[in-house]
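K.L.:
Got a file for you: coords.cif, mmCIF, C-alpha atoms.
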```cif
data_work
#
loop_
_atom_site.label_atom_id
_atom_site.label_comp_id
_atom_site.auth_asym_id
_atom_site.auth_seq_id
_atom_site.Cartn_x
_atom_site.Cartn_y
_atom_site.Cartn_z
CA MET A 595 -21.18 90.27 -42.26
CA HIS A 596 -22.89 90.66 -45.63
CA ALA A 597 -21.53 92.91 -48.38
CA VAL A 598 -25.07 93.81 -49.42
CA ALA A 599 -28.36 93.50 -47.57
CA ALA A 600 -31.66 94.64 -49.04
CA ASP A 601 -34.60 94.42 -46.67
CA ARG A 602 -38.15 94.59 -48.10
CA VAL A 603 -37.27 97.23 -50.67
CA TRP A 604 -40.14 98.90 -52.53
CA LYS A 605 -39.77 101.41 -55.33
CA TYR A 606 -42.68 103.24 -56.92
CA PHE A 607 -42.61 105.15 -60.19
CA GLY A 608 -45.83 107.11 -59.83
CA ASP A 609 -48.35 104.45 -58.83
CA TYR A 610 -46.38 101.61 -60.42
CA PRO A 611 -44.35 99.47 -58.02
CA ALA A 612 -41.16 98.48 -59.86
CA LEU A 613 -39.93 96.69 -56.73
CA ARG A 614 -42.34 95.00 -54.32
CA GLY A 615 -40.57 94.15 -51.10
CA ALA A 616 -37.40 92.74 -52.66
CA SER A 617 -35.13 91.24 -50.01
CA PHE A 618 -31.80 89.53 -50.41
CA GLU A 619 -28.37 89.30 -48.87
CA VAL A 620 -25.04 88.86 -50.58
CA ALA A 621 -22.01 87.46 -48.78
CA LYS A 622 -18.64 89.18 -49.14
CA GLY A 623 -16.75 87.83 -52.13
CA ALA A 624 -19.84 86.37 -53.82
CA CYS A 625 -20.59 86.85 -57.50
CA VAL A 626 -24.34 87.14 -57.98
CA ALA A 627 -26.12 86.83 -61.30
CA LEU A 628 -29.28 88.93 -61.03
CA LEU A 629 -31.72 87.43 -63.48
CA GLY A 630 -35.23 88.23 -64.59
CA ARG A 631 -37.20 89.15 -67.66
CA ASN A 632 -37.53 92.72 -68.97
CA GLY A 633 -39.31 94.94 -66.45
CA ALA A 634 -38.67 92.56 -63.55
CA GLY A 635 -36.87 95.34 -61.60
CA LYS A 636 -33.20 94.38 -62.10
CA THR A 637 -32.02 97.84 -63.15
CA THR A 638 -34.13 99.54 -60.46
CA LEU A 639 -32.62 97.30 -57.78
CA LEU A 640 -29.07 97.88 -59.04
CA ARG A 641 -29.64 101.66 -59.16
CA ILE A 642 -30.80 101.61 -55.55
CA LEU A 643 -27.77 99.56 -54.51
CA ALA A 644 -25.54 102.06 -56.36
CA SER A 645 -27.14 104.99 -54.47
CA LEU A 646 -28.52 106.42 -57.72
CA SER A 647 -32.07 106.05 -56.49
CA LYS A 648 -33.74 105.97 -53.08
CA PRO A 649 -36.09 103.14 -52.11
CA SER A 650 -39.68 104.24 -51.48
CA LYS A 651 -39.78 101.78 -48.58
CA GLY A 652 -37.33 99.34 -47.06
CA GLU A 653 -33.66 99.51 -46.31
CA VAL A 654 -30.39 98.81 -48.11
CA ARG A 655 -26.99 98.34 -46.49
CA ILE A 656 -23.76 98.32 -48.48
CA LEU A 657 -20.21 97.68 -47.29
CA GLY A 658 -17.26 99.35 -48.98
CA ARG A 659 -16.58 101.22 -52.19
CA ILE A 660 -18.81 100.75 -55.20
CA GLY A 661 -17.86 100.36 -58.84
CA TYR A 662 -20.83 100.86 -61.16
CA LEU A 663 -21.26 100.04 -64.83
CA GLY A 664 -24.69 101.02 -66.09
CA HIS A 665 -26.29 101.18 -69.50
CA GLY A 666 -24.30 104.30 -70.44
CA ILE A 667 -20.53 104.08 -70.70
CA GLY A 668 -20.02 106.91 -68.20
CA VAL A 669 -16.97 108.52 -69.80
CA TYR A 670 -16.53 112.04 -71.12
CA ASP A 671 -16.25 112.41 -74.88
CA ASP A 672 -14.17 115.58 -74.66
CA LEU A 673 -11.54 114.10 -72.38
CA SER A 674 -8.78 111.71 -73.40
CA ALA A 675 -8.80 108.12 -72.14
CA LEU A 676 -6.06 108.97 -69.63
CA GLU A 677 -7.85 112.14 -68.48
CA ASN A 678 -11.10 110.21 -68.04
CA LEU A 679 -9.55 107.53 -65.86
CA SER A 680 -7.39 110.02 -63.92
CA LEU A 681 -10.53 112.02 -63.17
CA PHE A 682 -12.38 108.98 -61.83
CA GLY A 683 -9.28 108.04 -59.86
CA GLN A 684 -9.36 111.48 -58.22
CA LEU A 685 -13.10 111.23 -57.58
CA THR A 686 -12.78 107.89 -55.84
CA GLY A 687 -9.82 109.12 -53.80
CA ILE A 688 -7.24 106.54 -54.85
CA GLU A 689 -3.54 107.18 -54.38
CA ASN A 690 -1.70 108.29 -57.51
CA PRO A 691 -4.69 108.34 -59.89
CA LYS A 692 -2.57 108.92 -62.99
CA GLN A 693 -0.49 105.82 -62.38
CA ALA A 694 -3.62 103.79 -61.66
CA ALA A 695 -5.15 105.13 -64.88
CA ASN A 696 -2.11 104.10 -66.91
CA THR A 697 -2.19 100.61 -65.39
CA ALA A 698 -5.92 100.28 -66.10
CA LEU A 699 -5.45 101.40 -69.71
CA GLU A 700 -2.75 98.79 -70.15
CA ARG A 701 -5.07 96.08 -68.79
CA VAL A 702 -7.80 96.92 -71.31
CA GLY A 703 -5.38 97.40 -74.22
CA LEU A 704 -5.79 101.15 -74.70
CA THR A 705 -2.29 102.37 -73.82
CA ARG A 706 -1.50 103.20 -77.45
CA VAL A 707 -4.45 105.63 -77.67
CA LYS A 708 -4.41 106.93 -74.11
CA ASP A 709 -4.10 110.57 -75.21
CA GLY A 710 -6.87 110.33 -77.80
CA LEU A 711 -10.25 111.88 -77.02
CA ALA A 712 -12.94 109.34 -76.12
CA ARG A 713 -15.18 110.75 -78.87
CA GLU A 714 -12.65 109.58 -81.45
CA PHE A 715 -12.72 105.97 -80.20
CA SER A 716 -14.54 103.11 -81.85
CA ARG A 717 -17.51 101.59 -80.00
CA GLY A 718 -15.43 98.65 -78.76
CA MET A 719 -12.67 100.93 -77.46
CA ARG A 720 -15.22 103.09 -75.65
CA GLN A 721 -16.67 99.98 -74.03
CA ARG A 722 -13.24 98.87 -72.84
CA LEU A 723 -12.62 102.37 -71.46
CA ALA A 724 -15.93 102.17 -69.57
CA ILE A 725 -14.93 98.78 -68.14
CA ALA A 726 -11.55 100.18 -67.07
CA ARG A 727 -13.34 103.08 -65.38
CA ALA A 728 -15.63 100.79 -63.37
CA PHE A 729 -12.75 98.61 -62.13
CA LEU A 730 -10.19 101.43 -61.70
CA HIS A 731 -10.36 101.82 -57.91
CA ASN A 732 -10.54 98.09 -57.11
CA PRO A 733 -14.05 98.46 -55.64
CA ASP A 734 -15.28 96.22 -52.83
CA LEU A 735 -18.65 95.92 -54.59
CA LEU A 736 -19.13 95.84 -58.36
CA LEU A 737 -22.61 96.59 -59.66
CA LEU A 738 -22.87 95.74 -63.35
CA ASP A 739 -26.07 96.30 -65.30
CA GLU A 740 -26.10 93.96 -68.31
CA PRO A 741 -22.33 94.26 -68.71
CA PHE A 742 -22.04 91.83 -71.65
CA THR A 743 -24.74 93.45 -73.78
CA SER A 744 -23.41 94.79 -77.11
CA LEU A 745 -19.77 94.14 -76.21
CA ASP A 746 -17.40 93.04 -78.95
CA ASP A 747 -15.35 89.87 -78.44
CA ARG A 748 -12.29 91.68 -77.16
CA ALA A 749 -14.30 93.68 -74.64
CA VAL A 750 -15.99 90.47 -73.44
CA ALA A 751 -12.57 88.88 -72.90
CA VAL A 752 -11.32 91.98 -71.04
CA LEU A 753 -14.43 92.05 -68.84
CA GLN A 754 -14.21 88.35 -68.03
CA GLN A 755 -10.55 88.72 -67.05
CA LEU A 756 -11.23 91.77 -64.86
CA LEU A 757 -14.17 90.00 -63.20
CA ALA A 758 -11.98 86.98 -62.49
CA ASP A 759 -9.27 89.26 -61.02
CA ALA A 760 -11.88 91.09 -58.91
CA ARG A 761 -13.20 87.79 -57.56
CA ALA A 762 -9.68 86.65 -56.75
CA ARG A 763 -9.19 89.92 -54.82
CA GLY A 764 -12.34 89.19 -52.81
CA SER A 765 -14.60 91.82 -54.38
CA THR A 766 -18.34 91.20 -54.32
CA ILE A 767 -20.05 91.31 -57.71
CA ILE A 768 -23.71 91.73 -58.60
CA MET A 769 -24.53 91.72 -62.29
CA SER A 770 -27.86 91.81 -64.00
CA THR A 771 -27.89 90.05 -67.33
CA HIS A 772 -29.89 88.35 -70.04
CA GLN A 773 -26.83 86.36 -71.13
CA ILE A 774 -27.53 83.55 -68.72
CA ARG A 775 -24.85 81.19 -70.02
CA GLU A 776 -21.99 83.70 -69.53
CA ALA A 777 -23.39 84.75 -66.17
CA MET A 778 -23.69 81.19 -64.86
CA GLU A 779 -20.06 80.47 -65.66
CA LEU A 780 -18.96 83.41 -63.51
CA ALA A 781 -21.59 83.38 -60.78
CA SER A 782 -21.33 81.78 -57.37
CA ASP A 783 -24.91 82.78 -56.53
CA VAL A 784 -28.09 83.54 -58.40
CA ALA A 785 -31.03 85.83 -57.64
CA LEU A 786 -34.16 85.69 -59.77
CA LEU A 787 -36.45 88.72 -59.88
CA ASP A 788 -40.01 88.50 -61.07
CA ARG A 789 -42.35 91.51 -61.12
CA GLY A 790 -40.39 93.33 -58.42
CA ARG A 791 -39.97 90.36 -56.07
CA ILE A 792 -36.97 88.12 -55.53
CA ILE A 793 -38.45 84.68 -56.05
CA PHE A 794 -35.17 82.75 -55.77
CA SER A 795 -31.86 83.60 -54.14
CA GLY A 796 -29.15 81.07 -53.47
CA PRO A 797 -25.98 79.37 -54.63
CA ARG A 798 -25.66 78.45 -58.28
CA ASN A 799 -25.97 74.71 -58.76
CA ASN A 800 -24.96 72.31 -61.51
CA GLU A 801 -28.42 72.24 -63.10
CA MET A 802 -28.22 76.01 -63.65
CA LEU A 803 -24.76 75.70 -65.19
CA LEU A 804 -25.66 72.85 -67.53
CA ASP A 805 -29.13 74.12 -68.43
CA PRO A 806 -29.52 77.91 -68.22
CA GLY A 807 -33.30 77.62 -68.64
CA TRP A 808 -33.64 75.36 -65.61
CA LEU A 809 -33.96 78.24 -63.14
CA TYR A 810 -36.78 79.90 -65.07
CA ARG A 811 -38.59 76.60 -65.54
CA THR A 812 -38.27 75.74 -61.88
CA TYR A 813 -38.96 79.07 -60.17
CA GLY A 814 -40.32 81.45 -62.78
CA ASP A 815 -43.26 81.35 -65.14
CA ILE A 816 -41.16 82.00 -68.25
CA ARG A 817 -40.31 79.24 -70.71
CA GLU A 818 -37.34 79.59 -73.01
CA MET B 450 -7.42 107.57 -45.27
CA LYS B 451 -8.77 110.99 -46.23
CA SER B 452 -11.62 112.35 -44.17
CA GLY B 453 -15.04 112.56 -45.84
CA LEU B 454 -14.90 116.35 -46.06
CA ARG B 455 -11.41 116.48 -47.55
CA LYS B 456 -12.27 113.72 -49.99
CA GLY B 457 -15.45 115.56 -51.00
CA LEU B 458 -13.60 118.85 -51.48
CA ALA B 459 -10.93 117.12 -53.57
CA ALA B 460 -13.68 115.57 -55.71
CA ALA B 461 -15.39 118.98 -56.06
CA PHE B 462 -12.19 120.59 -57.34
CA ALA B 463 -11.60 117.65 -59.70
CA ILE B 464 -15.11 118.11 -61.13
CA ALA B 465 -14.57 121.87 -61.48
CA ARG B 466 -11.26 121.28 -63.30
CA LYS B 467 -12.96 118.75 -65.57
CA ASP B 468 -15.78 121.17 -66.41
CA LEU B 469 -13.34 123.98 -67.16
CA ARG B 470 -11.20 121.69 -69.31
CA THR B 471 -14.13 120.38 -71.37
CA GLU B 472 -15.54 123.91 -71.68
CA TRP B 473 -12.17 125.18 -72.87
CA ARG B 474 -12.15 122.46 -75.55
CA THR B 475 -15.72 122.91 -76.74
CA ARG B 476 -16.40 126.54 -75.69
CA GLU B 477 -20.08 125.73 -76.05
CA SER B 478 -21.37 127.94 -73.24
CA LEU B 479 -18.49 130.43 -73.03
CA ASN B 480 -18.85 131.56 -76.64
CA ALA B 481 -22.63 131.87 -76.39
CA SER B 482 -22.52 133.73 -73.08
CA LEU B 483 -19.75 136.14 -74.06
CA SER B 484 -21.27 136.92 -77.46
CA PHE B 485 -24.63 137.53 -75.80
CA ALA B 486 -23.15 139.91 -73.21
CA VAL B 487 -21.21 141.90 -75.81
CA VAL B 488 -24.10 142.12 -78.27
CA ILE B 489 -26.59 143.30 -75.62
CA LEU B 490 -24.17 145.93 -74.26
CA VAL B 491 -23.46 147.25 -77.77
CA LEU B 492 -27.13 147.21 -78.86
CA PHE B 493 -28.30 149.05 -75.72
CA SER B 494 -25.66 151.71 -76.26
CA PHE B 495 -27.19 152.44 -79.68
CA ALA B 496 -30.80 151.96 -78.65
CA PHE B 497 -30.95 154.83 -76.12
CA ASP B 498 -29.60 158.31 -76.54
CA LEU B 499 -28.64 159.05 -72.94
CA ASP B 500 -26.53 161.80 -71.43
CA ARG B 501 -23.74 160.96 -68.99
CA GLU B 502 -25.86 161.30 -65.81
CA GLU B 503 -28.54 159.05 -67.21
CA LYS B 504 -25.97 156.47 -68.26
CA LEU B 505 -24.47 156.49 -64.78
CA ALA B 506 -27.93 156.13 -63.27
CA ILE B 507 -28.71 152.97 -65.24
CA SER B 508 -25.16 151.56 -65.29
CA GLY B 509 -25.56 149.04 -62.45
CA GLY B 510 -28.94 147.85 -63.64
CA LEU B 511 -27.79 147.38 -67.20
CA LEU B 512 -24.60 145.59 -66.21
CA TRP B 513 -26.29 143.12 -63.88
CA LEU B 514 -29.15 142.36 -66.24
CA VAL B 515 -26.58 141.46 -68.88
CA TYR B 516 -24.60 139.36 -66.38
CA ALA B 517 -27.75 137.61 -65.16
CA PHE B 518 -28.79 136.62 -68.69
CA ALA B 519 -25.23 135.63 -69.62
CA GLY B 520 -25.05 133.62 -66.39
CA ALA B 521 -28.19 131.67 -67.30
CA LEU B 522 -26.47 130.51 -70.49
CA ILE B 523 -23.47 129.30 -68.47
CA VAL B 524 -25.40 127.47 -65.74
CA ASN B 525 -27.78 125.89 -68.24
CA ARG B 526 -24.97 123.62 -69.44
CA SER B 527 -23.69 122.84 -65.96
CA PHE B 528 -25.49 119.56 -65.22
CA ALA B 529 -26.63 119.03 -68.82
CA ARG B 530 -22.95 118.44 -69.64
CA GLU B 531 -23.19 115.18 -67.68
CA LEU B 532 -26.07 113.72 -69.68
CA PRO B 533 -24.21 112.22 -72.66
CA ASN B 534 -23.05 108.66 -71.83
CA ASP B 535 -24.87 108.84 -68.45
CA CYS B 536 -21.87 110.45 -66.75
CA LEU B 537 -24.06 111.94 -64.02
CA GLU B 538 -24.89 108.40 -62.81
CA VAL B 539 -21.22 107.61 -62.44
CA LEU B 540 -20.60 110.85 -60.54
CA ILE B 541 -23.50 110.18 -58.16
CA ALA B 542 -22.29 106.62 -57.56
CA SER B 543 -18.74 107.84 -56.89
CA VAL B 544 -18.92 111.04 -54.86
CA PRO B 545 -21.31 112.79 -52.45
CA ALA B 546 -23.97 114.93 -54.15
CA TRP B 547 -22.78 118.09 -52.36
CA ALA B 548 -19.31 117.64 -53.88
CA ILE B 549 -20.78 117.35 -57.39
CA PHE B 550 -22.79 120.52 -56.82
CA LEU B 551 -19.84 122.43 -55.36
CA GLY B 552 -17.61 121.46 -58.29
CA LYS B 553 -20.26 122.56 -60.77
CA ALA B 554 -20.81 125.87 -58.94
CA ILE B 555 -17.07 126.63 -58.84
CA ALA B 556 -16.70 125.97 -62.57
CA CYS B 557 -19.75 128.15 -63.42
CA PHE B 558 -18.44 130.90 -61.14
CA LEU B 559 -15.07 131.03 -62.91
CA LEU B 560 -16.65 130.87 -66.38
CA LEU B 561 -19.07 133.68 -65.58
CA LEU B 562 -16.21 135.76 -64.14
CA ILE B 563 -14.38 135.37 -67.47
CA VAL B 564 -17.47 136.62 -69.32
CA GLU B 565 -17.90 139.53 -66.90
CA PHE B 566 -14.28 140.67 -67.01
CA ALA B 567 -14.18 140.35 -70.80
CA SER B 568 -17.33 142.46 -71.22
CA LEU B 569 -16.48 145.09 -68.58
CA PRO B 570 -14.08 147.04 -70.88
CA ILE B 571 -16.76 147.04 -73.61
CA PHE B 572 -19.22 148.46 -71.11
CA GLY B 573 -16.73 151.19 -70.18
CA LEU B 574 -15.99 151.97 -73.81
CA PHE B 575 -19.53 152.13 -75.17
CA TYR B 576 -21.05 153.94 -72.19
CA ASN B 577 -18.05 156.13 -71.47
CA ILE B 578 -18.03 155.05 -67.84
CA SER B 579 -14.77 154.62 -65.97
CA TRP B 580 -14.79 151.77 -63.48
CA ILE B 581 -11.03 151.66 -62.91
CA GLY B 582 -11.22 154.06 -59.94
CA SER B 583 -13.59 151.79 -58.06
CA LEU B 584 -12.05 148.53 -59.21
CA LEU B 585 -11.42 146.87 -55.84
CA PRO B 586 -14.88 147.38 -54.32
CA LEU B 587 -16.38 146.56 -57.73
CA LEU B 588 -14.44 143.26 -57.73
CA LEU B 589 -15.92 142.44 -54.34
CA VAL B 590 -19.45 143.14 -55.54
CA ILE B 591 -18.89 141.17 -58.76
CA ALA B 592 -17.45 138.19 -56.87
CA LEU B 593 -20.28 138.07 -54.33
CA ALA B 594 -23.11 138.57 -56.83
CA THR B 595 -21.58 136.16 -59.35
CA TRP B 596 -21.33 133.45 -56.69
CA GLY B 597 -24.99 134.08 -55.87
CA ILE B 598 -26.00 133.72 -59.53
CA THR B 599 -23.97 130.56 -60.02
CA VAL B 600 -25.01 128.85 -56.79
CA VAL B 601 -28.73 129.35 -57.48
CA GLY B 602 -28.20 128.61 -61.18
CA ALA B 603 -26.24 125.40 -60.60
CA ALA B 604 -28.86 124.13 -58.16
CA LEU B 605 -31.66 124.84 -60.63
CA SER B 606 -29.57 123.29 -63.40
CA ALA B 607 -29.67 120.07 -61.33
CA VAL B 608 -33.42 120.44 -60.84
CA THR B 609 -34.08 120.88 -64.57
CA VAL B 610 -31.42 118.52 -65.94
CA ASN B 611 -33.91 115.81 -66.89
CA VAL B 612 -36.65 118.20 -68.00
CA ARG B 613 -37.22 118.20 -71.75
CA LEU B 614 -37.56 122.01 -71.96
CA ARG B 615 -34.75 122.74 -69.51
CA GLU B 616 -33.40 125.71 -71.56
CA LEU B 617 -36.80 127.34 -71.04
CA MET B 618 -37.48 126.15 -67.51
CA LEU B 619 -34.19 127.22 -65.96
CA PRO B 620 -34.55 130.99 -66.60
CA VAL B 621 -38.21 130.87 -65.54
CA LEU B 622 -37.16 129.46 -62.16
CA LEU B 623 -33.87 131.32 -61.87
CA TYR B 624 -34.75 134.99 -62.35
CA PRO B 625 -37.45 135.30 -59.66
CA LEU B 626 -35.10 133.75 -57.10
CA MET B 627 -32.31 136.15 -58.06
CA ILE B 628 -34.36 139.34 -57.59
CA PRO B 629 -33.00 140.30 -54.13
CA LEU B 630 -29.44 139.53 -55.22
CA LEU B 631 -29.77 141.54 -58.43
CA ILE B 632 -31.34 144.53 -56.65
CA GLY B 633 -28.44 144.59 -54.19
CA ALA B 634 -25.80 144.19 -56.89
CA MET B 635 -27.41 146.82 -59.13
CA GLU B 636 -27.66 149.42 -56.37
CA LEU B 637 -24.10 148.79 -55.18
CA THR B 638 -22.65 148.90 -58.69
CA THR B 639 -24.52 152.08 -59.61
CA GLY B 640 -23.36 153.64 -56.35
CA LEU B 641 -19.74 152.62 -56.95
CA LEU B 642 -19.70 153.97 -60.51
CA ASN B 643 -21.26 157.23 -59.26
CA GLY B 644 -18.84 157.44 -56.36
CA ASN B 645 -21.52 157.32 -53.65
CA ALA B 646 -21.79 153.65 -52.72
CA VAL B 647 -22.55 152.51 -49.21
CA LEU B 648 -20.44 149.39 -49.06
CA SER B 649 -22.23 148.13 -45.97
CA ASP B 650 -25.05 147.22 -48.37
CA VAL B 651 -22.78 144.34 -49.39
CA ARG B 652 -24.24 142.49 -46.41
CA LEU B 653 -27.31 141.68 -48.49
CA LEU B 654 -25.14 139.86 -51.01
CA ILE B 655 -23.25 138.00 -48.27
CA VAL B 656 -26.49 136.88 -46.59
CA PHE B 657 -27.92 135.76 -49.95
CA ASP B 658 -24.76 133.80 -50.79
CA VAL B 659 -24.52 132.09 -47.40
CA MET B 660 -28.22 131.27 -47.32
CA PHE B 661 -28.48 129.82 -50.83
CA THR B 662 -25.13 128.01 -50.69
CA SER B 663 -26.15 126.28 -47.45
CA LEU B 664 -29.60 125.48 -48.80
CA ALA B 665 -28.26 124.09 -52.08
CA LEU B 666 -25.56 121.98 -50.37
CA TYR B 667 -28.21 120.50 -48.07
CA LEU B 668 -30.90 119.90 -50.71
CA ILE B 669 -28.81 118.72 -53.64
CA GLU B 670 -28.90 115.05 -52.61
CA PHE B 671 -32.71 115.13 -52.62
CA ILE B 672 -32.58 116.71 -56.09
CA LEU B 673 -30.09 114.31 -57.67
CA VAL B 674 -31.00 111.04 -55.94
CA ILE B 675 -34.74 110.42 -56.29
#
```
In structure tokens, write the structure found in this file.
P.N.:
Amino acid sequence: MHAVAADRVWKYFGDYPALRGASFEVAKGACVALLGRNGAGKTTLLRILASLSKPSKGEVRILGRIGYLGHGIGVYDDLSALENLSLFGQLTGIENPKQAANTALERVGLTRVKDGLAREFSRGMRQRLAIARAFLHNPDLLLLDEPFTSLDDRAVAVLQQLLADARARGSTIIMSTHQIREAMELASDVALLDRGRIIFSGPRNNEMLLDPGWLYRTYGDIRE
Amino acid sequence: MKSGLRKGLAAAFAIARKDLRTEWRTRESLNASLSFAVVILVLFSFAFDLDREEKLAISGGLLWLVYAFAGALIVNRSFARELPNDCLEVLIASVPAWAIFLGKAIACFLLLLIVEFASLPIFGLFYNISWIGSLLPLLLVIALATWGITVVGAALSAVTVNVRLRELMLPVLLYPLMIPLLIGAMELTTGLLNGNAVLSDVRLLIVFDVMFTSLALYLIEFILVI
């Protein structure tokens, strides 16, 4: 049984097809790096998988609970860090959301400021709070849209640790990214999107790990 | 494991509590709505030199026009509150769309009730109209009509949330839809304040509420997830 299956998914914005029959399957427990140049359809595909958008044609099947980290941090400025995470704990129906929120804040190093409003946080702290929110309910499927972009070093370390923990728990991860090197170190599989089509989908191999440009040179028309 | 319905209802109440908490901290729509209601009631009392019978005759109409305009200010912020930091995306990815809508509608309903109950004594004072004697039936009318305003308003707030001129668009869409509800509420309120209400007319409000609540709960997914 696959954790994610997308079957000939099309998505139109007006007359423009952002996705053109994209199909791929992701095994449970896999960590997929979703690669492609700007406008290839990565964000559109992730939004469809996260139920934020409906495909114009085609079908998507998802197993289990979703954790989503998009371009926005997805936390409320007028709530404290603890209130934010407790709220998302309640929304996702986990047992004892306040305790889970406290544990999550400890994992991302925000316990000391847990009662401070999110609007008073620095950019790095807000990013760590957003990461804690996405991982709070131990989702079966993590959908991360360029998760490493603009993160400070501490937030990168926190995210890498949480991703490693999620993989050890058996969660499935799909992350779109331009930071190929970081992605290749984490990924078990790679999918390459080009102009709305998945032109490569398969396990990550040693060439990809040693030479991040190899995939583009071999399957895409982009040269680094 | 909680059932889908129970989980959705729990999420709706969590969203309503969150909206009330953030509104209490910022008071961005409560202050605007309450000030608007008070100012309009006071200005109208000076603008027209009416005797007691005339005041009683227009009482329901005046009150519900003020509440409808004040309500638009409340519901306008309902889904717009989720725009900063893309919080709406996280809500849609986490809970069913109907639960998001229900939570928003409950929060708007309670906020508009606060505005209405705070401005009711000012209405009584400036128009010399006693509403204490008909308080219980008046509460029923206020509750039913306020739910109608908020349920239509919250749905249209979702429709207009990504529109650039949403502050303008929402009232343009909202008021025509509210006409039957407002006519019913105005007639009932005028009747109650004059002591000659036919409370069976409340059926119009109940039908409006049931119809638009069902419609909004069904359609909200098509509005939010496109």
K.L.:
Show me which bits of chain B are within 12 Å of chain A, counting all atoms listed in the file, as a ChimeraX atom specification.
P.N.:
/B:450-477,530-546,548-549,552,670-675
K.L.:
Just how far from CA of Leu499 in chain B is CA of Pro620 in chain B, in Å to one decimal?
P.N.:
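Separating CA of Pro620 in chain B from CA of Leu499 in chain B is a distance of 29.4 Å.
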K.L.:
For Leu584 in chain B, find every residue with an atom within 12 Å (counting only C-alpha atoms), except residues of its own chain fewer than 2 positions away, and show them as a PyMOL selection string.
P.N.:
chain B and resi 566+569-570+579-582+586-592+638+641-642+644
K.L.:
Go through B:Phe572, B:Val656, B:Gly597, B:Ala521 and flag the residue nearest Leu492 in chain B, using all atoms listed in the file for the distances.
P.N.:
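Of B:Phe572, B:Val656, B:Gly597, B:Ala521, the one nearest Leu492 in chain B is B:Phe572, counting all atoms listed in the file.
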K.L.:
Rounded to one decimal in Å, what is the spacing between CA of Met660 in chain B and CA of Leu623 in chain B?
P.N.:
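Atom-to-atom, CA of Met660 in chain B and CA of Leu623 in chain B are spaced 15.6 Å apart.
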